[in-house]
>>> print(open('input-v5.cif').read())   # mmCIF, C-alpha atoms and all ligand atoms
data_structure
#
loop_
_atom_site.label_atom_id
_atom_site.label_comp_id
_atom_site.auth_asym_id
_atom_site.auth_seq_id
_atom_site.Cartn_x
_atom_site.Cartn_y
_atom_site.Cartn_z
CA MET A 1 59.61 98.34 27.25
CA THR A 2 61.25 97.55 30.56
CA ALA A 3 60.49 99.51 33.72
CA GLY A 4 64.08 100.77 33.57
CA SER A 5 63.96 102.10 30.03
CA ASP A 6 60.61 103.75 30.69
CA LEU A 7 62.00 105.55 33.75
CA ILE A 8 65.16 106.60 31.88
CA GLY A 9 62.86 108.17 29.29
CA ARG A 10 61.04 110.08 32.01
CA TYR A 11 64.40 111.10 33.53
CA ALA A 12 65.39 112.71 30.25
CA GLY A 13 62.20 114.77 30.31
CA ALA A 14 62.47 115.90 33.90
CA MET A 15 66.10 116.37 34.90
CA VAL A 16 68.85 118.83 34.16
CA GLN A 17 71.20 116.73 32.05
CA VAL A 18 74.45 117.26 33.97
CA PHE A 19 74.91 113.54 34.66
CA GLY A 20 74.22 112.32 31.13
CA THR A 21 72.04 109.24 30.90
CA PRO A 22 72.05 107.17 34.11
CA GLN A 23 73.20 103.58 33.67
CA LEU A 24 70.47 101.99 35.76
CA VAL A 25 67.39 102.78 37.76
CA LEU A 26 67.99 101.21 41.15
CA ALA A 27 65.12 100.21 43.37
CA SER A 28 66.64 98.73 46.50
CA GLY A 29 69.72 97.39 48.19
CA HIS A 30 70.65 94.85 50.79
CA GLY A 31 74.17 94.44 52.13
CA CYS A 32 76.56 94.74 49.18
CA TRP A 33 73.86 94.01 46.62
CA VAL A 34 71.51 96.35 44.76
CA THR A 35 68.48 95.53 42.62
CA ASP A 36 67.26 97.53 39.64
CA VAL A 37 63.63 98.24 38.82
CA ASP A 38 63.56 95.22 36.49
CA GLY A 39 64.65 92.89 39.27
CA LYS A 40 68.27 92.33 38.18
CA ARG A 41 70.78 92.11 41.03
CA TYR A 42 74.26 93.59 41.06
CA LEU A 43 77.18 93.29 43.44
CA ASP A 44 77.85 96.91 44.40
CA LEU A 45 81.60 97.50 44.18
CA LEU A 46 81.22 101.29 44.19
CA SER A 47 78.82 101.97 47.10
CA GLY A 48 77.45 105.18 45.66
CA ILE A 49 81.01 106.47 45.19
CA ALA A 50 82.43 105.48 48.57
CA VAL A 51 79.31 106.56 50.42
CA ASN A 52 77.44 103.43 51.56
CA ALA A 53 80.18 102.41 53.99
CA LEU A 54 77.93 99.87 55.73
CA GLY A 55 76.34 98.69 52.49
CA HIS A 56 72.60 98.96 51.98
CA GLY A 57 69.94 98.56 54.63
CA HIS A 58 72.38 97.96 57.46
CA PRO A 59 70.21 97.38 60.56
CA ALA A 60 72.31 99.66 62.79
CA LEU A 61 71.94 102.57 60.36
CA VAL A 62 68.27 101.91 59.61
CA GLN A 63 67.48 101.70 63.30
CA ALA A 64 69.41 104.85 64.20
CA VAL A 65 67.81 106.91 61.42
CA THR A 66 64.32 105.57 62.11
CA LYS A 67 64.56 106.22 65.82
CA GLN A 68 65.96 109.72 65.27
CA ALA A 69 63.30 110.59 62.69
CA GLU A 70 60.65 109.73 65.25
CA SER A 71 62.04 112.25 67.74
CA ALA A 72 63.65 115.13 65.78
CA ILE A 73 64.90 115.43 62.21
CA HIS A 74 65.94 119.07 62.27
CA VAL A 75 66.32 121.73 64.94
CA SER A 76 68.34 124.55 63.18
CA ASN A 77 71.59 125.98 64.48
CA PHE A 78 69.85 128.35 66.85
CA PHE A 79 69.67 125.16 68.87
CA THR A 80 71.64 121.95 69.02
CA SER A 81 71.03 118.29 69.74
CA GLU A 82 72.81 115.46 71.45
CA PRO A 83 73.56 113.50 68.26
CA ALA A 84 75.44 116.51 66.81
CA ILE A 85 77.55 116.96 69.93
CA ALA A 86 78.19 113.23 70.29
CA LEU A 87 79.21 112.85 66.64
CA ALA A 88 81.60 115.80 66.83
CA GLU A 89 83.18 114.28 69.95
CA ARG A 90 83.52 110.89 68.26
CA ILE A 91 85.09 112.35 65.11
CA LEU A 92 87.62 114.30 67.20
CA ALA A 93 88.41 111.14 69.18
CA VAL A 94 89.03 108.88 66.16
CA ALA A 95 90.99 111.69 64.49
CA ALA A 96 93.15 111.88 67.64
CA ALA A 97 92.64 115.65 67.44
CA PRO A 98 94.28 117.70 70.21
CA ALA A 99 92.32 119.63 72.84
CA GLY A 100 90.71 122.75 71.41
CA SER A 101 89.89 121.10 68.06
CA GLY A 102 86.43 121.50 66.57
CA VAL A 103 83.91 120.28 64.02
CA PHE A 104 81.69 122.26 61.67
CA PHE A 105 78.93 120.15 60.13
CA ALA A 106 77.80 120.69 56.55
CA ASN A 107 75.75 118.57 54.16
CA SER A 108 78.17 117.55 51.45
CA GLY A 109 81.79 117.35 50.49
CA THR A 110 81.88 120.55 48.54
CA GLU A 111 80.41 122.43 51.50
CA ALA A 112 83.14 121.03 53.72
CA THR A 113 85.66 122.38 51.20
CA GLU A 114 83.93 125.77 51.20
CA ALA A 115 84.23 125.90 54.99
CA ALA A 116 87.93 125.05 54.69
CA ILE A 117 88.47 127.79 52.11
CA LYS A 118 86.78 130.34 54.37
CA LEU A 119 88.88 129.08 57.29
CA SER A 120 92.00 129.66 55.20
CA ARG A 121 90.92 133.22 54.35
CA ARG A 122 90.87 133.98 58.06
CA THR A 123 94.66 133.61 58.13
CA GLY A 124 94.72 136.98 56.37
CA ARG A 125 96.23 135.35 53.29
CA THR A 126 94.46 134.44 50.06
CA ARG A 127 96.80 132.23 48.05
CA ILE A 128 95.94 128.52 47.93
CA VAL A 129 98.09 125.66 46.67
CA ALA A 130 96.36 122.52 45.41
CA LEU A 131 97.55 119.51 43.47
CA GLU A 132 97.22 118.57 39.84
CA GLY A 133 94.57 115.88 39.57
CA SER A 134 92.76 117.23 42.63
CA PHE A 135 89.02 117.06 43.17
CA HIS A 136 87.61 119.13 46.02
CA GLY A 137 84.04 119.71 44.85
CA ARG A 138 81.87 121.52 42.34
CA SER A 139 80.58 124.63 44.13
CA THR A 140 82.32 127.73 42.86
CA GLY A 141 84.85 128.03 45.68
CA ALA A 142 85.78 124.35 45.72
CA LEU A 143 85.80 124.31 41.94
CA ALA A 144 88.68 126.75 41.91
CA LEU A 145 90.75 124.08 43.70
CA THR A 146 89.57 121.28 41.42
CA HIS A 147 92.17 120.70 38.77
CA LYS A 148 90.23 119.26 35.85
CA ALA A 149 89.92 121.99 33.22
CA ALA A 150 86.64 120.64 31.82
CA TYR A 151 84.98 121.12 35.21
CA ARG A 152 86.54 124.51 35.90
CA GLU A 153 86.86 126.46 32.70
CA PRO A 154 83.16 126.91 31.79
CA PHE A 155 82.74 128.78 35.09
CA GLU A 156 85.79 130.99 35.18
CA PRO A 157 86.64 133.45 36.56
CA LEU A 158 86.65 131.59 39.89
CA ILE A 159 88.38 132.70 43.10
CA PRO A 160 91.87 133.87 42.20
CA GLU A 161 95.32 132.95 43.45
CA VAL A 162 95.01 129.18 43.27
CA VAL A 163 98.09 127.38 41.98
CA PHE A 164 98.36 123.69 41.11
CA VAL A 165 101.52 121.69 41.58
CA PRO A 166 102.24 118.12 40.45
CA PRO A 167 101.65 115.57 43.25
CA ASN A 168 104.60 113.79 44.85
CA ASP A 169 107.01 116.46 43.53
CA ALA A 170 108.96 117.75 46.52
CA ASP A 171 110.71 120.60 44.70
CA ALA A 172 107.48 121.91 43.16
CA LEU A 173 105.86 121.91 46.59
CA ARG A 174 108.75 123.73 48.23
CA ALA A 175 108.70 126.31 45.45
CA ALA A 176 104.93 126.90 45.63
CA VAL A 177 104.36 127.17 49.39
CA GLY A 178 105.59 130.34 51.02
CA ASP A 179 104.83 133.11 53.49
CA THR A 180 101.90 134.44 51.46
CA THR A 181 100.20 131.03 51.12
CA ALA A 182 97.00 130.58 53.13
CA ALA A 183 96.55 126.84 52.71
CA LEU A 184 97.71 123.70 50.97
CA PHE A 185 94.91 121.28 50.07
CA VAL A 186 95.76 117.62 49.51
CA GLU A 187 93.89 114.33 49.13
CA PRO A 188 95.96 111.47 50.63
CA VAL A 189 94.66 109.33 47.76
CA GLN A 190 93.29 111.22 44.76
CA GLY A 191 90.13 109.24 44.06
CA GLU A 192 88.77 111.14 41.08
CA ALA A 193 92.19 111.33 39.43
CA GLY A 194 92.15 107.54 39.18
CA VAL A 195 93.08 106.49 42.74
CA ARG A 196 96.53 108.07 42.86
CA GLU A 197 98.30 107.95 46.21
CA LEU A 198 100.45 110.60 47.80
CA SER A 199 103.55 109.01 49.26
CA VAL A 200 104.08 109.00 53.01
CA ASP A 201 107.21 111.09 52.47
CA TYR A 202 105.31 113.65 50.43
CA LEU A 203 102.61 114.06 53.08
CA ARG A 204 105.31 114.50 55.72
CA LEU A 205 107.03 117.08 53.55
CA ALA A 206 103.68 118.83 53.08
CA ARG A 207 103.39 119.04 56.86
CA GLU A 208 106.93 120.30 57.17
CA VAL A 209 106.77 123.07 54.55
CA THR A 210 103.33 124.29 55.63
CA SER A 211 104.40 124.46 59.28
CA ALA A 212 107.57 126.31 58.32
CA HIS A 213 105.56 129.05 56.57
CA GLY A 214 102.51 129.23 58.84
CA VAL A 215 100.32 127.71 56.12
CA LEU A 216 97.23 125.61 56.89
CA LEU A 217 97.55 122.00 55.77
CA VAL A 218 94.06 120.86 54.78
CA VAL A 219 93.60 117.14 54.10
CA ASP A 220 90.57 116.30 52.02
CA GLU A 221 89.42 112.95 53.41
CA ILE A 222 85.98 113.23 51.84
CA GLN A 223 86.59 110.02 49.89
CA THR A 224 89.45 108.44 51.86
CA GLY A 225 88.11 108.95 55.38
CA ILE A 226 85.89 106.86 57.68
CA GLY A 227 87.77 103.60 57.27
CA ARG A 228 87.95 103.52 53.49
CA THR A 229 91.71 102.90 53.38
CA GLY A 230 91.87 100.65 56.46
CA ASP A 231 92.48 103.41 59.01
CA TRP A 232 89.96 105.94 60.22
CA PHE A 233 91.65 108.53 58.02
CA ALA A 234 94.23 107.93 55.31
CA HIS A 235 96.57 110.69 56.48
CA GLN A 236 97.04 108.80 59.77
CA GLN A 237 99.12 106.28 57.82
CA SER A 238 101.83 108.93 57.46
CA GLY A 239 101.65 110.05 61.09
CA ILE A 240 101.01 113.70 60.28
CA VAL A 241 98.57 115.95 62.13
CA PRO A 242 96.86 118.33 59.70
CA ASP A 243 95.42 121.75 60.54
CA ALA A 244 92.09 120.87 59.01
CA MET A 245 90.34 117.87 57.51
CA THR A 246 87.25 117.65 55.35
CA LEU A 247 84.83 114.71 55.49
CA ALA A 248 81.62 113.68 53.77
CA LYS A 249 80.90 110.59 51.60
CA GLY A 250 81.19 107.63 54.02
CA LEU A 251 80.44 109.63 57.16
CA GLY A 252 76.65 109.29 57.02
CA GLY A 253 76.60 105.87 55.38
CA GLY A 254 74.35 107.37 52.67
CA VAL A 255 72.62 110.11 54.63
CA PRO A 256 74.03 113.43 53.37
CA ILE A 257 76.51 115.00 55.76
CA GLY A 258 79.82 116.80 55.49
CA ALA A 259 82.23 118.10 58.08
CA LEU A 260 85.20 120.37 58.52
CA VAL A 261 87.47 119.35 61.39
CA THR A 262 89.84 122.00 62.72
CA PHE A 263 92.86 120.80 64.68
CA GLY A 264 93.96 122.70 67.77
CA PRO A 265 92.65 125.90 69.37
CA ASP A 266 94.40 128.40 67.09
CA THR A 267 92.95 126.95 63.88
CA THR A 268 89.56 126.36 65.47
CA ALA A 269 89.39 130.00 66.61
CA LEU A 270 89.88 131.28 63.05
CA LEU A 271 86.14 131.01 62.37
CA ALA A 272 84.26 133.13 64.89
CA ALA A 273 80.55 133.49 65.61
CA GLY A 274 78.65 134.69 62.57
CA GLN A 275 81.43 134.02 60.07
CA HIS A 276 79.99 130.82 58.65
CA GLY A 277 76.73 128.92 58.82
CA THR A 278 74.29 126.47 57.30
CA THR A 279 70.61 125.67 57.76
CA PHE A 280 70.75 121.89 57.58
CA GLY A 281 74.30 121.21 58.77
CA GLY A 282 74.50 119.25 62.01
CA ASN A 283 70.87 118.16 61.94
CA PRO A 284 70.18 115.32 64.39
CA LEU A 285 69.08 112.90 61.66
CA ALA A 286 72.35 113.05 59.72
CA CYS A 287 74.38 113.07 62.92
CA ALA A 288 72.55 109.99 64.25
CA ALA A 289 73.45 108.29 60.97
CA GLY A 290 77.09 109.31 61.39
CA LEU A 291 77.14 107.95 64.93
CA ALA A 292 75.70 104.64 63.74
CA VAL A 293 78.41 104.42 61.06
CA LEU A 294 81.24 105.13 63.50
CA ASP A 295 79.76 102.79 66.14
CA THR A 296 79.42 99.96 63.64
CA ILE A 297 82.94 100.39 62.25
CA GLU A 298 84.24 100.15 65.80
CA ARG A 299 81.96 97.38 67.08
CA ASP A 300 82.44 95.14 64.03
CA HIS A 301 86.20 95.83 63.75
CA LEU A 302 85.72 97.05 60.20
CA LEU A 303 89.12 98.76 59.96
CA GLU A 304 90.80 95.37 60.44
CA HIS A 305 88.26 93.80 58.09
CA VAL A 306 89.05 96.36 55.38
CA ARG A 307 92.77 95.64 55.66
CA ASP A 308 92.21 91.87 55.55
CA VAL A 309 89.75 91.71 52.71
CA ALA A 310 91.53 94.38 50.66
CA ALA A 311 94.65 92.22 50.50
CA LEU A 312 92.78 90.21 47.86
CA LEU A 313 93.17 93.23 45.59
CA ASP A 314 96.92 93.70 46.10
CA ASP A 315 97.92 91.58 43.13
CA VAL A 316 95.38 91.00 40.41
CA GLU A 317 97.15 88.66 38.01
CA ILE A 318 94.66 88.59 35.19
CA GLU A 319 95.27 88.88 31.46
CA GLY A 320 94.19 92.38 30.43
CA VAL A 321 95.01 93.94 33.83
CA SER A 322 98.30 95.79 33.92
CA GLY A 323 98.28 96.71 37.61
CA THR A 324 96.39 97.92 40.64
CA ARG A 325 96.66 101.04 42.77
CA GLY A 326 95.24 102.34 45.99
CA ARG A 327 94.84 101.31 49.58
CA GLY A 328 92.24 99.45 51.59
CA LEU A 329 88.94 99.44 49.74
CA LEU A 330 89.76 102.38 47.49
CA ARG A 331 91.37 100.78 44.47
CA ALA A 332 91.98 101.18 40.79
CA ILE A 333 92.47 98.34 38.36
CA GLU A 334 94.53 99.57 35.43
CA LEU A 335 93.52 97.94 32.16
CA ASP A 336 95.82 96.91 29.41
CA GLY A 337 94.28 98.07 26.14
CA ILE A 338 90.56 97.60 26.81
CA PRO A 339 88.74 100.91 27.41
CA ALA A 340 87.44 101.21 30.96
CA PRO A 341 83.95 102.36 29.94
CA ALA A 342 83.52 99.15 27.90
CA VAL A 343 84.65 97.07 30.87
CA MET A 344 82.27 98.93 33.16
CA ALA A 345 79.39 98.12 30.77
CA ALA A 346 80.40 94.46 30.49
CA ALA A 347 80.70 94.24 34.28
CA ARG A 348 77.20 95.66 34.63
CA ASP A 349 75.84 93.08 32.19
CA ALA A 350 77.53 90.43 34.32
CA GLY A 351 75.97 91.83 37.51
CA PHE A 352 78.77 93.98 38.97
CA ILE A 353 78.80 97.73 39.57
CA VAL A 354 82.23 99.28 39.08
CA ASN A 355 83.29 102.75 37.90
CA ALA A 356 85.39 103.74 34.89
CA VAL A 357 87.25 106.43 36.81
CA THR A 358 89.51 107.16 33.81
CA GLN A 359 89.57 105.88 30.24
CA THR A 360 92.00 103.13 31.31
CA ALA A 361 91.14 102.37 34.93
CA LEU A 362 88.28 100.93 36.95
CA ARG A 363 87.65 102.22 40.44
CA LEU A 364 86.51 99.87 43.19
CA ALA A 365 85.13 101.38 46.40
CA PRO A 366 82.84 98.68 47.78
CA PRO A 367 81.03 98.84 51.12
CA LEU A 368 83.47 98.35 54.00
CA VAL A 369 81.43 95.29 54.99
CA ILE A 370 82.09 93.41 51.76
CA SER A 371 83.06 89.78 52.33
CA ALA A 372 86.06 87.97 50.89
CA ASP A 373 83.66 85.69 48.99
CA GLU A 374 81.92 88.64 47.39
CA LEU A 375 85.22 90.20 46.31
CA LEU A 376 86.47 86.85 45.02
CA GLY A 377 83.23 86.48 43.08
CA PHE A 378 84.13 89.63 41.19
CA LEU A 379 87.76 88.66 40.65
CA ASP A 380 86.66 85.25 39.35
CA ALA A 381 84.25 86.89 36.92
CA LEU A 382 86.74 89.55 35.76
CA PRO A 383 88.47 87.51 32.99
CA ALA A 384 85.13 86.82 31.28
CA ILE A 385 84.10 90.48 31.74
CA LEU A 386 87.32 91.65 30.11
CA GLU A 387 86.78 89.15 27.30
CA ALA A 388 83.24 90.39 26.72
CA ALA A 389 84.40 94.04 26.75
CA HIS A 390 87.16 93.18 24.29
CA ALA A 391 84.71 91.32 22.01
CA ALA A 392 82.26 94.26 22.14
CA GLY A 393 85.11 96.56 21.05
CA GLU A 394 85.97 94.26 18.12
CA THR A 395 82.41 94.27 16.80
CA THR A 396 81.93 98.05 17.09
CA SER A 397 85.29 98.99 15.55
C1 LIG B 401 83.27 113.62 46.36
C2 LIG B 401 84.40 114.48 46.74
C3 LIG B 401 84.23 115.85 47.00
C4 LIG B 401 82.91 116.54 46.80
O1 LIG B 401 81.88 116.00 47.57
P1 LIG B 401 80.35 116.32 47.18
O2 LIG B 401 79.57 115.72 48.31
O3 LIG B 401 80.09 115.66 45.87
O4 LIG B 401 80.20 117.77 47.11
C5 LIG B 401 85.33 116.57 47.40
N1 LIG B 401 86.54 115.99 47.56
C6 LIG B 401 86.73 114.67 47.34
C7 LIG B 401 88.08 114.09 47.56
C8 LIG B 401 85.68 113.89 46.90
O5 LIG B 401 85.89 112.60 46.65
#
>>> encode(input="input-v5.cif", output="structure tokens")
Amino acid sequence: MTAGSDLIGRYAGAMVQVFGTPQLVLASGHGCWVTDVDGKRYLDLLSGIAVNALGHGHPALVQAVTKQAESAIHVSNFFTSEPAIALAERILAVAAAPAGSGVFFANSGTEATEAAIKLSRRTGRTRIVALEGSFHGRSTGALALTHKAAYREPFEPLIPEVVFVPPNDADALRAAVGDTTAALFVEPVQGEAGVRELSVDYLRLAREVTSAHGVLLVVDEIQTGIGRTGDWFAHQQSGIVPDAMTLAKGLGGGVPIGALVTFGPDTTALLAAGQHGTTFGGNPLACAAGLAVLDTIERDHLLEHVRDVAALLDDVEIEGVSGTRGRGLLRAIELDGIPAPAVMAAARDAGFIVNAVTQTALRLAPPLVISADELLGFLDALPAILEAAHAAGETTS
């Protein structure tokens, strides 16, 4: 028995089974590579679902977290710390947020969504518009805005008055958003739906119709933010200024952190003292990690790097690939006839971690620091991976 299969057996006896059987037991990582407990190495093209923005073991992140752990890990929100203040200032700066904007720190994406939902309730309205295909989190508030029925329905009734409209449909949006709507939630690129982009025109229309009706426009940048699409935040590519933005995944480079950013004094003032809170949110350890991530992206010009290296994924002309979608280093490779889960398994056998985001598409969300050579290594291996997945399908069917 391998160390991996032994641990997977123990996992089954110790864990709530919400994630099914894990594919691998990982032991360590370095740069864009991870190693499992049996010593096999994999090129990590998923980075813990768009989390490990700087890859694994990045010295700037390790140093920042180590140094912070030596002084203070947690202080509670009766107090504050310099890393929390500095990170909030840096986020507001890179978001080009106007004076009077603010940050609320949480510990995860779904908590950032919860904060945004509570913010929207403070408008005095309760109706929320979200998009078909949306994913905003799994806690019971966020779940109500998450479109996938299989996630939502076992837990209904959830918060009421949420309506879903098809993305990129101008008429449906105009019809759904009105004077009783509290907020419109959008992801600039819907990661969980299979890396589906909102058009620039649609995001601008979203800004227009929400402004016209006094509705909060909330952009969920939990997956798309922090450089993932080649800008600090994906919505910046359409030039809009939202009322609120949610962050998590890449922000801490792997250390759990989430954030709600409120734009402008009126929106920021909606949540008053005592109306929201968290024990861990804004702790100096997570905020030091966030600062190290933002510093490194800036210092190493990683936004430019993402745009450069991602161009390799613009046209993937490989037999068995019918197209690609997405922006920067958030991409889907649409497969022509071979099931994505089979390709994911074949890729893993070949030493590459990718994600079957739908039955027909692979998602790539590698560390922002991935090199052209590493990406090319995957693209060069892809034909043989597709072949192996195809052959595996022939023998099992
Ligand atoms: C991952 C994700 C969330 C939820 O984040 P968690 O940290 O898993 O709670 C919400 N919205 C989007 C767009 C995400 O990708």
>>> residues_near_ligand(input="input-v5.cif", ligand="ligand LIG 401 (chain B)", cutoff="10 Å", atoms="all atoms listed in the file", output="VMD selection string")
chain A and resid 49 to 51 106 to 114 134 to 139 142 to 143 145 to 146 186 to 193 219 to 225 246 to 250 256 to 258
>>> residues_around(input="input-v5.cif", residues="Val357 (chain A)", least_positions_apart="2", cutoff="12 Å", atoms="all atoms listed in the file", output="mmCIF file with C-alpha atoms, in the frame of the given file")
data_model
loop_
_atom_site.group_PDB
_atom_site.id
_atom_site.type_symbol
_atom_site.label_atom_id
_atom_site.label_comp_id
_atom_site.auth_asym_id
_atom_site.auth_seq_id
_atom_site.Cartn_x
_atom_site.Cartn_y
_atom_site.Cartn_z
ATOM 1 C CA LEU A 46 81.220 101.290 44.190
ATOM 2 C CA ILE A 49 81.010 106.470 45.190
ATOM 3 C CA GLN A 190 93.290 111.220 44.760
ATOM 4 C CA GLY A 191 90.130 109.240 44.060
ATOM 5 C CA GLU A 192 88.770 111.140 41.080
ATOM 6 C CA ALA A 193 92.190 111.330 39.430
ATOM 7 C CA GLY A 194 92.150 107.540 39.180
ATOM 8 C CA VAL A 195 93.080 106.490 42.740
ATOM 9 C CA ARG A 196 96.530 108.070 42.860
ATOM 10 C CA LEU A 330 89.760 102.380 47.490
ATOM 11 C CA ARG A 331 91.370 100.780 44.470
ATOM 12 C CA ALA A 332 91.980 101.180 40.790
ATOM 13 C CA ILE A 333 92.470 98.340 38.360
ATOM 14 C CA GLU A 334 94.530 99.570 35.430
ATOM 15 C CA LEU A 335 93.520 97.940 32.160
ATOM 16 C CA PRO A 339 88.740 100.910 27.410
ATOM 17 C CA ALA A 340 87.440 101.210 30.960
ATOM 18 C CA PRO A 341 83.950 102.360 29.940
ATOM 19 C CA VAL A 343 84.650 97.070 30.870
ATOM 20 C CA MET A 344 82.270 98.930 33.160
ATOM 21 C CA VAL A 354 82.230 99.280 39.080
ATOM 22 C CA ASN A 355 83.290 102.750 37.900
ATOM 23 C CA GLN A 359 89.570 105.880 30.240
ATOM 24 C CA THR A 360 92.000 103.130 31.310
ATOM 25 C CA ALA A 361 91.140 102.370 34.930
ATOM 26 C CA LEU A 362 88.280 100.930 36.950
ATOM 27 C CA ARG A 363 87.650 102.220 40.440
ATOM 28 C CA LEU A 364 86.510 99.870 43.190
ATOM 29 C CA ALA A 365 85.130 101.380 46.400
#
>>> atom_distance(input="input-v5.cif", atom1="CA of Ala345 (chain A)", atom2="CA of Ile385 (chain A)")
9.0 Å
>>> closest_residue(input="input-v5.cif", among="A:Thr126, A:Ser28, A:Gln23, A:Thr395", to="Gly4 (chain A)", atoms="all atoms listed in the file")
A:Gln23
>>> closest_residue(input="input-v5.cif", among="A:Thr210, A:Thr267, A:Thr80, A:Gln237", to="Gly100 (chain A)", atoms="all atoms listed in the file")
A:Thr267
>>> residues_around(input="input-v5.cif", residues="Asp36 (chain A)", least_positions_apart="4", cutoff="9 Å", atoms="all atoms listed in the file", output="ChimeraX atom specification")
/A:4,24-29,40-42
>>> closest_residue(input="input-v5.cif", among="A:Ala182, A:Met245, A:Val162, A:Val200", to="Leu216 (chain A)", atoms="only C-alpha atoms")
A:Ala182
>>> closest_residue(input="input-v5.cif", among="A:Ala288, A:Leu379, A:Ala310, A:Leu251", to="Ser71 (chain A)", atoms="only C-alpha atoms")
A:Ala288
>>> atom_distance(input="input-v5.cif", atom1="CA of Ala170 (chain A)", atom2="CA of Ala144 (chain A)")
22.7 Å
>>> atom_distance(input="input-v5.cif", atom1="CA of Gly254 (chain A)", atom2="CA of Ala130 (chain A)")
27.7 Å
>>> closest_residue(input="input-v5.cif", among="A:Thr279, A:Ala176, A:Phe233, A:Asp44", to="Ala350 (chain A)", atoms="all atoms listed in the file")
A:Asp44
>>> closest_residue(input="input-v5.cif", among="A:Ser76, A:Gly9, A:Leu45, A:Leu329", to="Thr278 (chain A)", atoms="only C-alpha atoms")
A:Ser76
>>> closest_atom_pairs(input="input-v5.cif", of="region 118-237 of chain A", to="region 293-296 of chain A", cutoff="12 Å", atoms="only C-alpha atoms", output="Markdown table")
| residue | atom | partner | partner_atom | distance |
| --- | --- | --- | --- | --- |
| A:Gly225 | CA | A:Leu294 | CA | 11.3 |
| A:Ile226 | CA | A:Leu294 | CA | 7.6 |
| A:Gly227 | CA | A:Leu294 | CA | 9.2 |
| A:Trp232 | CA | A:Leu294 | CA | 9.4 |
>>> residues_around(input="input-v5.cif", residues="Tyr202 (chain A)", least_positions_apart="3", cutoff="6 Å", atoms="only C-alpha atoms", output="PyMOL selection string")
chain A and resi 168+199+205
>>> residues_around(input="input-v5.cif", residues="Gln68 (chain A)", least_positions_apart="5", cutoff="8 Å", atoms="only C-alpha atoms", output="tab-separated table (two decimals) with C-alpha atoms, in the coordinates of the input")
chain	number	residue	atom	x	y	z
A	73	ILE	CA	64.90	115.43	62.21
A	284	PRO	CA	70.18	115.32	64.39
A	285	LEU	CA	69.08	112.90	61.66
A	288	ALA	CA	72.55	109.99	64.25
>>> residues_around(input="input-v5.cif", residues="Ala84 (chain A)", least_positions_apart="6", cutoff="10 Å", atoms="only C-alpha atoms", output="compact mmCIF listing (two decimals) with C-alpha atoms, keeping the file's coordinate frame")
# COMPACT_ATOMS: atom_id res chain seq x y z
CA ARG A 90 83.52 110.89 68.26
CA VAL A 103 83.91 120.28 64.02
CA PHE A 104 81.69 122.26 61.67
CA PHE A 105 78.93 120.15 60.13
CA GLY A 281 74.30 121.21 58.77
CA GLY A 282 74.50 119.25 62.01
CA ASN A 283 70.87 118.16 61.94
CA PRO A 284 70.18 115.32 64.39
CA LEU A 285 69.08 112.90 61.66
CA ALA A 286 72.35 113.05 59.72
CA CYS A 287 74.38 113.07 62.92
CA ALA A 288 72.55 109.99 64.25
CA GLY A 290 77.09 109.31 61.39
CA LEU A 291 77.14 107.95 64.93
>>> build_atoms(input="input-v5.cif", residues="region 262-272 of chain A", atoms="N, CA and C atoms", output="PDB file, keeping the file's coordinate frame")
ATOM      1  N   THR A 262      88.704 121.100  62.513  1.00  0.00           N
ATOM      2  CA  THR A 262      89.840 122.000  62.720  1.00  0.00           C
ATOM      3  C   THR A 262      90.665 121.466  63.881  1.00  0.00           C
ATOM      4  N   PHE A 263      91.969 121.408  63.686  1.00  0.00           N
ATOM      5  CA  PHE A 263      92.860 120.800  64.680  1.00  0.00           C
ATOM      6  C   PHE A 263      93.528 121.876  65.529  1.00  0.00           C
ATOM      7  N   GLY A 264      93.301 121.797  66.832  1.00  0.00           N
ATOM      8  CA  GLY A 264      93.960 122.700  67.770  1.00  0.00           C
ATOM      9  C   GLY A 264      93.224 124.017  67.916  1.00  0.00           C
ATOM     10  N   PRO A 265      93.422 124.696  69.046  1.00  0.00           N
ATOM     11  CA  PRO A 265      92.650 125.900  69.370  1.00  0.00           C
ATOM     12  C   PRO A 265      92.895 127.068  68.416  1.00  0.00           C
ATOM     13  N   ASP A 266      94.122 127.232  67.929  1.00  0.00           N
ATOM     14  CA  ASP A 266      94.400 128.400  67.090  1.00  0.00           C
ATOM     15  C   ASP A 266      93.633 128.307  65.770  1.00  0.00           C
ATOM     16  N   THR A 267      93.669 127.127  65.147  1.00  0.00           N
ATOM     17  CA  THR A 267      92.950 126.950  63.880  1.00  0.00           C
ATOM     18  C   THR A 267      91.450 127.019  64.114  1.00  0.00           C
ATOM     19  N   THR A 268      91.002 126.376  65.181  1.00  0.00           N
ATOM     20  CA  THR A 268      89.560 126.360  65.470  1.00  0.00           C
ATOM     21  C   THR A 268      89.033 127.777  65.681  1.00  0.00           C
ATOM     22  N   ALA A 269      89.834 128.634  66.300  1.00  0.00           N
ATOM     23  CA  ALA A 269      89.390 130.000  66.610  1.00  0.00           C
ATOM     24  C   ALA A 269      89.354 130.899  65.375  1.00  0.00           C
ATOM     25  N   LEU A 270      89.872 130.428  64.242  1.00  0.00           N
ATOM     26  CA  LEU A 270      89.880 131.280  63.050  1.00  0.00           C
ATOM     27  C   LEU A 270      88.467 131.644  62.598  1.00  0.00           C
ATOM     28  N   LEU A 271      87.528 130.717  62.753  1.00  0.00           N
ATOM     29  CA  LEU A 271      86.140 131.010  62.370  1.00  0.00           C
ATOM     30  C   LEU A 271      85.352 131.372  63.624  1.00  0.00           C
ATOM     31  N   ALA A 272      84.948 132.633  63.690  1.00  0.00           N
ATOM     32  CA  ALA A 272      84.260 133.130  64.890  1.00  0.00           C
ATOM     33  C   ALA A 272      82.751 133.166  64.650  1.00  0.00           C
TER      34      ALA A 272
END
